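Novice: Right, I'll just put the structure down here and ask away after.
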Amino acid sequence: MSDLSNTFTLDFERPVRDLENQIEELKQASLRPEVDISSEIKALQKKVSMLIKEIYGNLSSWERVQLSRHPNRPHTIDYVKLMVDEFHDIAGDRHFADDQSMIAGFGYMDGQKVAVVGIEKGRKTKEKVTHNFGMPRPEGYRKALRVMKMASRFGIPIIALVDTPGAYPGIGAEERGQASAIAENLTEMFDINAPIVAVVIGEGGSGGALGIAVADKVLMMEYSVYSVISPESCASILWADPKMAETAANGLQLGPDKALELNVIDSIIPEPAGGAHRDWNASADVVKKTVLKEMKTLLAKKPDQLKKKRYEKFRQIGNQTLVWKK
């Protein structure tokens, strides 16, 4: 885990971090044989648990956005390392280049052969540049589709890990067909013969996220967000001011509860107390168990059944928000 866990703290996390620092100081003091402050330490630990439950149980949409972007939140590469054995990365789209913002390849999860596609943001500055800050270009989506089509031919279940502010909007990406690459993925994923489970592990921004998330089961982690537009972009359009992002986020009601209510997702994966960034192993463990459970159910279905249900699932999204007039 990154050293950022010891240094970076969001504003609403500060009360918890202050208490944890006090506990650490008391633990150091308790190492002296003449000092017994175990009861004080236990009392503070209990207070921390209650504070975490109170703070994280009442987050605003904007605070959820901040948490989904936490610098030490586990990324796609981290989940792959913790969940997938013998992972073999696939490079290139066989058209133009290899987009390293998109991770794609094959491996094993508890002995089950799986294909993995996921968007990687990078953590340190050099990594962020390499992975283009988690904003895939057309070749990234084509690489993902290349792996998914290969998995489809052999009936290998697909896991999609979503974590992106959106597809890259640069001139070069547009010249190489960014919109058509995403549109092709949307179309082709409905015809994949293998089960697809998508998990929003951090940010799920716009078509950049949906480009790998047309799945039989779409899951969101407890402190992730999934939206048609980022708060900053929404604020720029509505008020011509990106600084209004907090207002936009709260207006959009970002978060998994609303997405579940609207049938945009199928279920919410709980995170460790205080968020996935506080315990990578526990977070990966619950994601792995949830994905394997969904996969087992989906593998029992025939390809034609999967495709029919997948199509019907996405056709139904949003219907309950429309008002039909005769």
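If you're wondering about the labels, chains in the structure tokens are A, B, ... by order shown, residues count from 1 in each chain, ligands from 1 in order shown.
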With a distance cut-off of 10 Å and only C-alpha atoms, select the neighbouring residues of stretch 123-137 of chain A, excluding the residue or stretch itself and same-chain residues fewer than 2 positions from it, and output the selection as an NGL selection string.
Specialist: :A and (2 or 4 or 71-75 or 97-103 or 118-121 or 139-142 or 162-170 or 172-174 or 176-179 or 181-182 or 203 or 205 or 208-209 or 211)
Novice: Would you list, as a VMD selection string, the residues of stretch 85-274 of chain A that end up in helix (DSSP H, G or I) under DSSP run on this structure's backbone?
Specialist: chain A and resid 125 to 130 132 to 134 138 to 154 171 to 175 178 to 189 206 to 210 231 to 239 242 to 252 256 to 261
Novice: Please dump the current selection as a tab-separated table (two decimals), in the first residue's frame; keep C-alpha atoms.
Specialist:
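Output (again.tsv):
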chain	number	residue	atom	x	y	z
A	125	THR	CA	3.12	11.31	-11.30
A	126	LYS	CA	5.06	9.18	-13.79
A	127	GLU	CA	2.50	6.37	-13.55
A	128	LYS	CA	-0.38	8.81	-14.02
A	129	VAL	CA	1.20	10.10	-17.22
A	130	THR	CA	1.84	6.55	-18.45
A	132	ASN	CA	-3.10	8.92	-19.05
A	133	PHE	CA	-4.78	9.59	-15.68
A	134	GLY	CA	-7.25	6.78	-16.33
A	138	PRO	CA	-9.78	4.70	-28.82
A	139	GLU	CA	-7.04	2.07	-28.92
A	140	GLY	CA	-7.75	1.29	-25.25
A	141	TYR	CA	-11.38	0.47	-25.97
A	142	ARG	CA	-10.37	-1.55	-29.03
A	143	LYS	CA	-7.85	-3.51	-26.95
A	144	ALA	CA	-10.54	-4.25	-24.37
A	145	LEU	CA	-12.94	-5.40	-27.09
A	146	ARG	CA	-10.22	-7.55	-28.63
A	147	VAL	CA	-9.82	-9.42	-25.32
A	148	MET	CA	-13.57	-9.66	-24.74
A	149	LYS	CA	-14.15	-11.12	-28.19
A	150	MET	CA	-11.42	-13.68	-27.57
A	151	ALA	CA	-13.05	-14.59	-24.26
A	152	SER	CA	-16.41	-14.84	-26.02
A	153	ARG	CA	-15.07	-17.43	-28.46
A	154	PHE	CA	-13.95	-19.69	-25.62
A	171	ILE	CA	-7.79	15.95	-30.56
A	172	GLY	CA	-5.74	12.87	-31.46
A	173	ALA	CA	-8.23	10.57	-29.75
A	174	GLU	CA	-11.11	12.21	-31.60
A	175	GLU	CA	-9.24	11.96	-34.91
A	178	GLN	CA	-13.04	7.95	-29.93
A	179	ALA	CA	-16.83	8.11	-30.24
A	180	SER	CA	-17.07	5.25	-32.72
A	181	ALA	CA	-14.70	3.08	-30.63
A	182	ILE	CA	-16.92	3.46	-27.56
A	183	ALA	CA	-20.08	2.97	-29.65
A	184	GLU	CA	-18.63	-0.21	-31.15
A	185	ASN	CA	-17.89	-1.56	-27.67
A	186	LEU	CA	-21.46	-0.87	-26.56
A	187	THR	CA	-22.82	-2.69	-29.59
A	188	GLU	CA	-20.43	-5.64	-29.51
A	189	MET	CA	-20.70	-6.29	-25.76
A	206	SER	CA	-19.82	8.91	-18.61
A	207	GLY	CA	-19.37	6.86	-21.79
A	208	GLY	CA	-15.75	6.30	-20.83
A	209	ALA	CA	-17.00	3.98	-18.09
A	210	LEU	CA	-19.92	2.49	-20.01
A	231	PRO	CA	-19.43	17.02	-11.37
A	232	GLU	CA	-16.82	19.38	-12.83
A	233	SER	CA	-18.10	18.97	-16.39
A	234	CYS	CA	-21.69	19.34	-15.25
A	235	ALA	CA	-20.80	22.55	-13.40
A	236	SER	CA	-18.98	23.89	-16.46
A	237	ILE	CA	-22.06	23.32	-18.64
A	238	LEU	CA	-24.69	24.62	-16.20
A	239	TRP	CA	-22.85	27.52	-14.58
A	242	PRO	CA	-16.04	24.11	-12.53
A	243	LYS	CA	-15.83	25.37	-8.93
A	244	MET	CA	-19.56	24.63	-8.64
A	245	ALA	CA	-18.71	20.91	-8.79
A	246	GLU	CA	-19.90	20.29	-5.23
A	247	THR	CA	-23.33	21.74	-6.02
A	248	ALA	CA	-23.49	19.67	-9.20
A	249	ALA	CA	-22.49	16.46	-7.40
A	250	ASN	CA	-25.15	16.90	-4.74
A	251	GLY	CA	-27.74	17.73	-7.39
A	252	LEU	CA	-26.85	14.62	-9.40
A	256	PRO	CA	-24.63	3.65	-5.44
A	257	ASP	CA	-27.92	3.95	-3.52
A	258	LYS	CA	-29.56	6.10	-6.20
A	259	ALA	CA	-28.04	3.99	-8.99
A	260	LEU	CA	-29.50	0.87	-7.39
A	261	GLU	CA	-32.89	2.53	-7.00
Novice: With only C-alpha atoms as the basis for distance, which of A:Val116, A:Ala240, A:Val199, A:Val225 is at the shortest distance from A:Val286?
Specialist: A:Val199
Novice: What's around A:Tyr79 at 10 Å? Count only C-alpha atoms, leave out sequence neighbours fewer than 2 positions away in its own chain, and write the answer as a list in words.
Specialist: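 Once the adjacent positions are removed, what remains is Pro74, His75, Thr76, Ile77, Lys81, Leu82, Met83, Val84, Gly118, Leu161, Ile201, Trp280, Asn281, Ser283, Ala284, Asp285, Val287 and Lys288 of chain A.
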Novice: Only N, CA and C atoms, please: the residues just picked out, written as an mmCIF file, in the first residue's frame.
Specialist:
data_model
loop_
_atom_site.group_PDB
_atom_site.id
_atom_site.type_symbol
_atom_site.label_atom_id
_atom_site.label_comp_id
_atom_site.auth_asym_id
_atom_site.auth_seq_id
_atom_site.Cartn_x
_atom_site.Cartn_y
_atom_site.Cartn_z
ATOM 1 N N PRO A 74 -7.389 1.608 -3.789
ATOM 2 C CA PRO A 74 -6.830 0.596 -4.697
ATOM 3 C C PRO A 74 -7.356 0.760 -6.122
ATOM 4 N N HIS A 75 -6.452 0.601 -7.077
ATOM 5 C CA HIS A 75 -6.775 0.744 -8.496
ATOM 6 C C HIS A 75 -6.908 -0.623 -9.154
ATOM 7 N N THR A 76 -7.178 -0.608 -10.455
ATOM 8 C CA THR A 76 -7.351 -1.854 -11.207
ATOM 9 C C THR A 76 -6.151 -2.788 -11.051
ATOM 10 N N ILE A 77 -4.946 -2.265 -11.228
ATOM 11 C CA ILE A 77 -3.741 -3.102 -11.119
ATOM 12 C C ILE A 77 -3.650 -3.741 -9.739
ATOM 13 N N LYS A 81 -3.688 -7.809 -8.965
ATOM 14 C CA LYS A 81 -2.614 -8.476 -8.210
ATOM 15 C C LYS A 81 -3.166 -9.260 -7.021
ATOM 16 N N LEU A 82 -4.198 -8.718 -6.390
ATOM 17 C CA LEU A 82 -4.741 -9.345 -5.185
ATOM 18 C C LEU A 82 -5.771 -10.440 -5.476
ATOM 19 N N MET A 83 -6.396 -10.407 -6.646
ATOM 20 C CA MET A 83 -7.496 -11.331 -6.920
ATOM 21 C C MET A 83 -7.202 -12.370 -7.995
ATOM 22 N N VAL A 84 -6.306 -12.036 -8.940
ATOM 23 C CA VAL A 84 -6.123 -12.884 -10.131
ATOM 24 C C VAL A 84 -4.744 -13.526 -10.131
ATOM 25 N N GLY A 118 -9.864 -3.491 -17.493
ATOM 26 C CA GLY A 118 -10.037 -2.487 -16.453
ATOM 27 C C GLY A 118 -9.260 -1.226 -16.760
ATOM 28 N N LEU A 161 -13.309 -3.848 -14.596
ATOM 29 C CA LEU A 161 -13.080 -2.978 -13.444
ATOM 30 C C LEU A 161 -13.078 -1.529 -13.920
ATOM 31 N N ILE A 201 -15.089 0.447 -9.281
ATOM 32 C CA ILE A 201 -14.233 0.410 -8.084
ATOM 33 C C ILE A 201 -13.869 1.807 -7.582
ATOM 34 N N TRP A 280 -6.718 -2.624 1.751
ATOM 35 C CA TRP A 280 -6.764 -3.163 0.387
ATOM 36 C C TRP A 280 -7.118 -4.646 0.370
ATOM 37 N N ASN A 281 -6.528 -5.420 1.261
ATOM 38 C CA ASN A 281 -6.745 -6.865 1.242
ATOM 39 C C ASN A 281 -8.194 -7.226 1.523
ATOM 40 N N SER A 283 -10.755 -5.302 1.078
ATOM 41 C CA SER A 283 -11.553 -4.801 -0.044
ATOM 42 C C SER A 283 -11.501 -5.773 -1.216
ATOM 43 N N ALA A 284 -10.297 -6.221 -1.568
ATOM 44 C CA ALA A 284 -10.139 -7.158 -2.680
ATOM 45 C C ALA A 284 -10.833 -8.481 -2.379
ATOM 46 N N ASP A 285 -10.807 -8.888 -1.123
ATOM 47 C CA ASP A 285 -11.412 -10.164 -0.735
ATOM 48 C C ASP A 285 -12.920 -10.147 -0.954
ATOM 49 N N VAL A 287 -14.613 -8.093 -2.948
ATOM 50 C CA VAL A 287 -14.881 -7.960 -4.386
ATOM 51 C C VAL A 287 -14.760 -9.328 -5.058
ATOM 52 N N LYS A 288 -13.710 -10.043 -4.721
ATOM 53 C CA LYS A 288 -13.472 -11.366 -5.312
ATOM 54 C C LYS A 288 -14.624 -12.323 -4.998
#
Novice: A:Glu63: which residues within 8 Å, counting only C-alpha atoms, same-chain residues fewer than 4 positions away excluded, as a ChimeraX atom specification?
Specialist: /A:12,59,67
